[in-house]
Every structure is written in C-alpha cells, then in structure tokens.
>>> print(open('model.txt').read())   # compact mmCIF, C-alpha atoms
# COMPACT_ATOMS: atom_id res chain seq x y z
CA MET A 327 92.55 -37.03 -11.48
CA THR A 328 93.86 -35.20 -14.55
CA GLU A 329 90.31 -34.24 -15.52
CA LEU A 330 89.61 -32.72 -12.11
CA ALA A 331 92.99 -30.95 -12.16
CA SER A 332 92.11 -29.58 -15.61
CA LEU A 333 88.92 -28.06 -14.22
CA LEU A 334 90.86 -26.60 -11.31
CA ALA A 335 93.41 -25.11 -13.74
CA VAL A 336 90.63 -23.40 -15.68
CA ALA A 337 89.00 -22.15 -12.47
CA VAL A 338 92.25 -20.68 -11.15
CA ALA A 339 92.98 -19.14 -14.57
CA LEU A 340 89.52 -17.54 -14.67
CA THR A 341 90.01 -16.19 -11.16
CA LEU A 342 93.30 -14.59 -12.20
CA VAL A 343 91.75 -13.12 -15.37
CA ILE A 344 88.86 -11.61 -13.39
CA ALA A 345 91.29 -10.13 -10.85
CA ALA A 346 93.55 -8.73 -13.60
CA VAL A 347 90.71 -7.20 -15.62
CA ALA A 348 89.23 -5.59 -12.50
CA LYS A 349 92.59 -3.96 -11.74
CA LEU A 350 93.18 -2.88 -15.35
CA ARG A 351 89.73 -1.28 -15.61
CA GLU A 352 90.65 1.23 -12.90
CA PRO A 353 94.44 1.66 -12.96
CA ASP A 354 94.39 4.90 -10.92
CA ARG A 355 92.28 3.31 -8.18
CA THR A 356 94.49 0.21 -8.25
CA ALA A 357 97.60 2.39 -7.86
CA GLN A 358 95.97 4.25 -4.96
CA ASP A 359 95.03 0.96 -3.30
CA PHE A 360 98.55 -0.40 -3.79
CA ALA A 361 99.97 2.80 -2.26
CA ALA A 362 97.61 2.40 0.72
CA LEU A 363 98.92 -1.15 1.11
CA GLY A 364 102.39 0.34 1.47
CA LEU A 365 103.72 -1.28 -1.69
CA PRO A 366 106.62 0.39 -3.51
CA TYR A 367 106.07 1.81 -7.00
CA PRO A 368 102.26 1.55 -6.89
CA ARG A 369 101.78 2.90 -10.43
CA VAL A 370 104.17 0.33 -11.87
CA LEU A 371 102.58 -2.45 -9.85
CA ALA A 372 99.09 -1.31 -10.95
CA ARG A 373 100.09 -2.40 -14.47
CA GLY A 374 102.59 -5.12 -13.61
CA VAL A 375 100.50 -7.20 -11.22
CA PRO A 376 97.56 -7.59 -13.64
CA ALA A 377 99.97 -8.37 -16.47
CA LEU A 378 101.57 -11.06 -14.31
CA GLU A 379 98.14 -12.43 -13.36
CA LEU A 380 97.19 -12.64 -17.05
CA ALA A 381 100.48 -14.33 -17.94
CA VAL A 382 100.00 -16.91 -15.19
CA ALA A 383 96.40 -17.50 -16.34
CA ILE A 384 97.62 -18.19 -19.87
CA ALA A 385 100.35 -20.48 -18.54
CA LEU A 386 97.74 -22.45 -16.58
CA ILE A 387 95.99 -23.23 -19.85
CA VAL A 388 99.03 -23.75 -22.09
CA VAL A 389 101.43 -25.48 -19.67
CA PRO A 390 99.24 -26.25 -16.64
CA GLY A 391 101.90 -27.74 -14.36
CA TRP A 392 104.28 -24.82 -14.72
CA GLY A 393 101.40 -22.35 -14.66
CA ALA A 394 100.26 -23.91 -11.41
CA VAL A 395 103.71 -23.49 -9.89
CA ALA A 396 103.62 -19.80 -10.87
CA ALA A 397 100.06 -19.43 -9.54
CA PHE A 398 101.05 -21.11 -6.28
CA GLY A 399 103.97 -18.72 -5.88
CA LEU A 400 101.77 -15.72 -6.67
CA PHE A 401 99.15 -16.81 -4.13
CA VAL A 402 101.85 -17.38 -1.50
CA LEU A 403 103.03 -13.78 -2.01
CA PHE A 404 99.47 -12.42 -1.96
CA THR A 405 98.62 -14.44 1.16
CA ALA A 406 101.76 -13.29 2.98
CA LEU A 407 100.82 -9.68 2.19
CA LEU A 408 97.26 -10.24 3.44
CA ILE A 409 98.44 -11.82 6.68
CA SER A 410 100.91 -9.00 7.31
CA LEU A 411 98.11 -6.47 6.76
CA ILE A 412 95.79 -8.29 9.16
CA ARG A 413 98.52 -8.47 11.78
CA SER A 414 99.23 -4.74 11.39
CA GLY A 415 95.66 -3.94 12.38
CA GLN A 416 95.32 -1.36 9.61
CA PRO A 417 91.83 -1.32 8.06
CA ILE A 418 93.01 -1.36 4.43
CA ALA A 419 90.90 -2.67 1.52
CA CYS A 420 92.16 -5.79 -0.21
CA SER A 421 92.08 -4.59 -3.85
CA CYS A 422 92.45 -8.25 -4.81
CA PHE A 423 89.75 -7.88 -7.44
CA GLY A 424 90.17 -4.20 -8.15
CA ALA A 425 87.64 -1.78 -6.67
CA VAL A 426 85.00 -4.48 -6.15
CA SER A 427 85.03 -4.10 -2.38
CA ASP A 428 86.07 -1.51 0.16
CA GLU A 429 85.97 -4.06 2.97
CA PRO A 430 89.19 -4.15 4.99
CA VAL A 431 91.46 -7.15 4.59
CA SER A 432 90.38 -10.02 6.82
CA TRP A 433 90.82 -13.74 7.25
CA VAL A 434 88.15 -14.20 4.57
CA GLU A 435 90.66 -13.22 1.88
CA VAL A 436 93.25 -15.50 3.45
CA ALA A 437 90.74 -18.39 3.43
CA ARG A 438 89.96 -17.69 -0.24
CA ASN A 439 93.68 -17.72 -1.03
CA VAL A 440 94.15 -21.00 0.83
CA VAL A 441 91.50 -22.50 -1.47
CA LEU A 442 93.35 -21.08 -4.50
CA LEU A 443 96.65 -22.43 -3.15
CA GLY A 444 95.10 -25.89 -2.82
CA ALA A 445 93.64 -25.72 -6.32
CA SER A 446 97.00 -24.61 -7.74
CA ALA A 447 98.82 -27.40 -5.93
CA ALA A 448 96.42 -29.97 -7.40
CA VAL A 449 97.27 -28.77 -10.92
CA VAL A 450 101.07 -29.00 -10.56
CA PRO A 451 101.35 -32.68 -11.60
CA ILE A 452 99.55 -32.33 -14.94
CA ASP A 453 101.24 -31.42 -18.20
CA HIS A 454 98.13 -30.87 -20.34
CA LEU A 455 94.43 -30.19 -19.90
CA GLU A 456 91.91 -32.94 -20.50
CA ARG A 457 88.23 -32.71 -21.33
CA PRO A 458 86.43 -33.50 -18.09
CA SER A 459 84.04 -36.39 -17.66
CA PHE A 460 80.71 -36.02 -15.90
CA ALA A 461 82.25 -37.54 -12.76
CA ALA A 462 85.05 -34.95 -12.78
CA ILE A 463 82.50 -32.15 -13.15
CA VAL A 464 80.52 -33.52 -10.20
CA ALA A 465 83.69 -33.82 -8.10
CA PHE A 466 84.75 -30.29 -9.07
CA SER A 467 81.29 -28.95 -8.21
CA ALA A 468 81.37 -30.67 -4.82
CA LEU A 469 84.82 -29.25 -4.07
CA ALA A 470 83.67 -25.79 -5.16
CA VAL A 471 80.66 -25.93 -2.84
CA ILE A 472 82.78 -27.16 0.08
CA ALA A 473 85.34 -24.40 -0.53
CA ALA A 474 82.62 -21.75 -0.83
CA VAL A 475 80.97 -22.90 2.40
CA GLY A 476 84.32 -22.83 4.19
CA VAL A 477 85.09 -19.30 3.02
CA GLN A 478 81.56 -18.17 3.91
CA LEU A 479 81.92 -19.62 7.42
CA VAL A 480 85.03 -17.50 7.86
CA ALA A 481 83.09 -14.47 6.54
CA PHE A 482 80.21 -15.22 8.91
CA LYS A 483 82.63 -15.46 11.84
CA ARG A 484 84.13 -12.11 10.79
CA ASP A 485 80.74 -10.41 10.45
CA VAL A 486 78.96 -11.89 13.46
CA GLY A 487 81.86 -12.68 15.76
CA VAL A 488 80.84 -16.28 16.41
CA LEU A 489 79.83 -19.23 14.27
CA TRP A 490 76.83 -19.98 16.48
CA SER A 491 75.52 -18.62 19.75
CA THR A 492 73.48 -21.56 20.98
CA GLN A 493 74.96 -23.00 24.13
CA LEU A 494 74.78 -26.76 24.17
CA SER A 495 73.88 -28.68 27.32
CA GLY A 496 76.97 -29.02 29.49
CA GLU A 497 78.94 -26.52 27.45
CA ALA A 498 80.78 -23.74 29.27
CA PRO A 499 79.50 -20.24 28.45
CA ALA A 500 81.41 -18.35 25.78
CA SER A 501 83.63 -15.62 27.14
>>> encode(input="model.txt", output="structure tokens")
Amino acid sequence: MTELASLLAVAVALTLVIAAVAKLREPDRTAQDFAALGLPYPRVLARGVPALELAVAIALIVVPGWGAVAAFGLFVLFTALLISLIRSGQPIACSCFGAVSDEPVSWVEVARNVVLLGASAAVVPIDHLERPSFAAIVAFSALAVIAAVGVQLVAFKRDVGVLWSTQLSGEAPAS
C-alpha cells in the first residue's frame, strides 16, 4: 500500500507543479482570472497560490503524509470555490491550470478535484516514499485509467447532455 501511495503522492505533486507553473507563466492573466472569480487581492493571489501549490508539492515528496494533509485542504478549498461558481451560474473560466482553457467551470473540474482529494487522502498515512514495485505501478495505472474514464464521462455528460441516448426495451423515455 505504501508503494501505491508513493505513486499517488508523486502524481499529486506533479499536478500541483503543473498548475503552479501554468499560473506563474502568465501572472497578469492569472490575476485577471482570479479577479473574474471574485477573489480578493487577485494580484497577490496570482503569486501566492502558485507558491503555495509548489510548497505543497515539495511537502508531498519530502514529508508525504503532512504534504497530503495540506494538499487535501487545498483541494477542499478549490472544490468549494468551484461548486460555488457552478451554483452561481456565472460562466467563468476555471484558471486551475493557468490559461490552458477558457471553458467555464463545470462539474468536470469538480470530478477532477474529487479524484485529487481521493489520491491525497490515500497518501496521508505514509511517512516516506517507497520505490514502487511492478504490481504497484499496475495498480496505479489501473486507478489512473478508472479516474480518467470517470472524469471523461462527466465531461461527456456536460458536452452532450446525456451519457447515452439509446432507449432500452421497457425503459421510460427521457424527459
């Protein structure tokens, strides 16, 4: 279990590094996006959030359990913000990974964060990283595929409006 958790720690750390670097590459755009999100002090946050993401990524590698607690807390805050934006109905871009996408916030980002919350939670019990075995790599790969399929199903539902349109025999028509 420690080997799988080690892989999850590295994956979450890499995700945070990618998000931080994307924001730091375009600080003005990040500040504009944070202002559009209604966050206070967008210029300060445009530097502070990526710095925090980088610090948490480093903690995930150096002290994985504590880093995972910090990552979990960060993802809870990010997810709460995403849900409040979705509920507001405002078509605002996520800015989660900098200027990568102009798509408005949707349940896809929430689903992605739920995956990251789960990965962070799985890392909490470990106090050091271990070199993964082949079995841990296979398990990690399977979990990654399952998570990606789940997030893509949410994206498909967002884009198409339904997961499938075929009516099964005896099934009531969709309304």
>>> atom_distance(input="model.txt", atom1="CA of Glu329 (chain A)", atom2="CA of Ala448 (chain A)")
11.0 Å
>>> closest_atom_pairs(input="model.txt", of="region 430-454 of chain A", to="region 393-417 of chain A", cutoff="7 Å", atoms="all atoms listed in the file", output="Markdown table")
| residue | atom | partner | partner_atom | distance |
| --- | --- | --- | --- | --- |
| A:Pro430 | CA | A:Pro417 | CA | 4.9 |
| A:Val431 | CA | A:Ile412 | CA | 6.4 |
| A:Ser432 | CA | A:Ile412 | CA | 6.1 |
| A:Val436 | CA | A:Thr405 | CA | 5.9 |
| A:Asn439 | CA | A:Thr405 | CA | 6.3 |
| A:Leu443 | CA | A:Phe398 | CA | 5.6 |
| A:Ser446 | CA | A:Ala394 | CA | 5.0 |
| A:Ala447 | CA | A:Ala394 | CA | 6.7 |
| A:Val449 | CA | A:Ala394 | CA | 5.7 |
| A:Val450 | CA | A:Ala394 | CA | 5.2 |
>>> atom_distance(input="model.txt", atom1="CA of Thr356 (chain A)", atom2="CA of Ala372 (chain A)")
5.5 Å
>>> residues_around(input="model.txt", residues="Ile387 (chain A)", least_positions_apart="3", cutoff="7 Å", atoms="all atoms listed in the file", output="list in words")
Ala335, Val336, Ala383, Ile384 and Pro390 of chain A
>>> closest_residue(input="model.txt", among="A:Ser421, A:Leu342, A:Ser332, A:Met327", to="Leu363 (chain A)", atoms="all atoms listed in the file")
A:Ser421
>>> atom_distance(input="model.txt", atom1="CA of Arg369 (chain A)", atom2="CA of Ala357 (chain A)")
4.9 Å
>>> closest_residue(input="model.txt", among="A:Ala473, A:Leu350, A:Leu455, A:Ala468", to="Val434 (chain A)", atoms="all atoms listed in the file")
A:Ala473
>>> build_atoms(input="model.txt", residues="region 377-410 of chain A", atoms="N, CA and C atoms", output="compact mmCIF listing (two decimals), keeping the file's coordinate frame")
# COMPACT_ATOMS: atom_id res chain seq x y z
N ALA A 377 99.28 -7.72 -15.35
CA ALA A 377 99.97 -8.37 -16.47
C ALA A 377 100.51 -9.73 -16.04
N LEU A 378 101.07 -9.79 -14.85
CA LEU A 378 101.57 -11.06 -14.31
C LEU A 378 100.42 -12.04 -14.10
N GLU A 379 99.30 -11.56 -13.56
CA GLU A 379 98.14 -12.43 -13.36
C GLU A 379 97.65 -13.01 -14.69
N LEU A 380 97.61 -12.17 -15.73
CA LEU A 380 97.19 -12.64 -17.05
C LEU A 380 98.18 -13.66 -17.62
N ALA A 381 99.47 -13.40 -17.44
CA ALA A 381 100.48 -14.33 -17.94
C ALA A 381 100.37 -15.69 -17.23
N VAL A 382 100.14 -15.66 -15.94
CA VAL A 382 100.00 -16.91 -15.19
C VAL A 382 98.71 -17.64 -15.62
N ALA A 383 97.65 -16.89 -15.87
CA ALA A 383 96.40 -17.50 -16.34
C ALA A 383 96.62 -18.21 -17.67
N ILE A 384 97.33 -17.57 -18.57
CA ILE A 384 97.62 -18.19 -19.87
C ILE A 384 98.49 -19.43 -19.67
N ALA A 385 99.48 -19.33 -18.80
CA ALA A 385 100.35 -20.48 -18.54
C ALA A 385 99.56 -21.66 -17.97
N LEU A 386 98.56 -21.38 -17.13
CA LEU A 386 97.74 -22.45 -16.58
C LEU A 386 97.00 -23.23 -17.66
N ILE A 387 96.69 -22.56 -18.76
CA ILE A 387 95.99 -23.23 -19.85
C ILE A 387 96.98 -23.91 -20.81
N VAL A 388 98.08 -23.24 -21.10
CA VAL A 388 99.03 -23.75 -22.09
C VAL A 388 99.96 -24.82 -21.51
N VAL A 389 100.54 -24.54 -20.36
CA VAL A 389 101.43 -25.48 -19.67
C VAL A 389 100.97 -25.56 -18.21
N PRO A 390 99.90 -26.30 -17.95
CA PRO A 390 99.24 -26.25 -16.64
C PRO A 390 100.14 -26.49 -15.44
N GLY A 391 101.03 -27.46 -15.51
CA GLY A 391 101.90 -27.74 -14.36
C GLY A 391 102.76 -26.55 -13.99
N TRP A 392 103.44 -25.99 -14.98
CA TRP A 392 104.28 -24.82 -14.72
C TRP A 392 103.45 -23.60 -14.36
N GLY A 393 102.30 -23.45 -15.00
CA GLY A 393 101.40 -22.35 -14.66
C GLY A 393 100.92 -22.46 -13.23
N ALA A 394 100.69 -23.69 -12.78
CA ALA A 394 100.26 -23.91 -11.41
C ALA A 394 101.35 -23.56 -10.41
N VAL A 395 102.59 -23.86 -10.76
CA VAL A 395 103.71 -23.49 -9.89
C VAL A 395 103.77 -21.96 -9.77
N ALA A 396 103.62 -21.28 -10.89
CA ALA A 396 103.62 -19.80 -10.87
C ALA A 396 102.43 -19.28 -10.08
N ALA A 397 101.25 -19.86 -10.28
CA ALA A 397 100.06 -19.43 -9.54
C ALA A 397 100.25 -19.66 -8.05
N PHE A 398 100.80 -20.81 -7.69
CA PHE A 398 101.05 -21.11 -6.28
C PHE A 398 101.96 -20.05 -5.67
N GLY A 399 103.05 -19.74 -6.38
CA GLY A 399 103.97 -18.72 -5.88
C GLY A 399 103.31 -17.35 -5.74
N LEU A 400 102.49 -17.00 -6.72
CA LEU A 400 101.77 -15.72 -6.67
C LEU A 400 100.82 -15.68 -5.48
N PHE A 401 100.08 -16.77 -5.26
CA PHE A 401 99.15 -16.81 -4.13
C PHE A 401 99.86 -16.83 -2.79
N VAL A 402 101.06 -17.42 -2.73
CA VAL A 402 101.85 -17.38 -1.50
C VAL A 402 102.22 -15.92 -1.19
N LEU A 403 102.68 -15.20 -2.22
CA LEU A 403 103.03 -13.78 -2.01
C LEU A 403 101.80 -12.97 -1.58
N PHE A 404 100.69 -13.16 -2.30
CA PHE A 404 99.47 -12.42 -1.96
C PHE A 404 99.01 -12.74 -0.54
N THR A 405 99.07 -14.02 -0.17
CA THR A 405 98.62 -14.44 1.16
C THR A 405 99.53 -13.87 2.24
N ALA A 406 100.82 -13.87 2.00
CA ALA A 406 101.76 -13.29 2.98
C ALA A 406 101.45 -11.81 3.17
N LEU A 407 101.17 -11.10 2.09
CA LEU A 407 100.82 -9.68 2.19
C LEU A 407 99.53 -9.51 3.00
N LEU A 408 98.53 -10.34 2.71
CA LEU A 408 97.26 -10.24 3.44
C LEU A 408 97.46 -10.48 4.94
N ILE A 409 98.22 -11.51 5.27
CA ILE A 409 98.44 -11.82 6.68
C ILE A 409 99.19 -10.69 7.37
N SER A 410 100.17 -10.11 6.69
CA SER A 410 100.91 -9.00 7.31
C SER A 410 99.99 -7.79 7.51
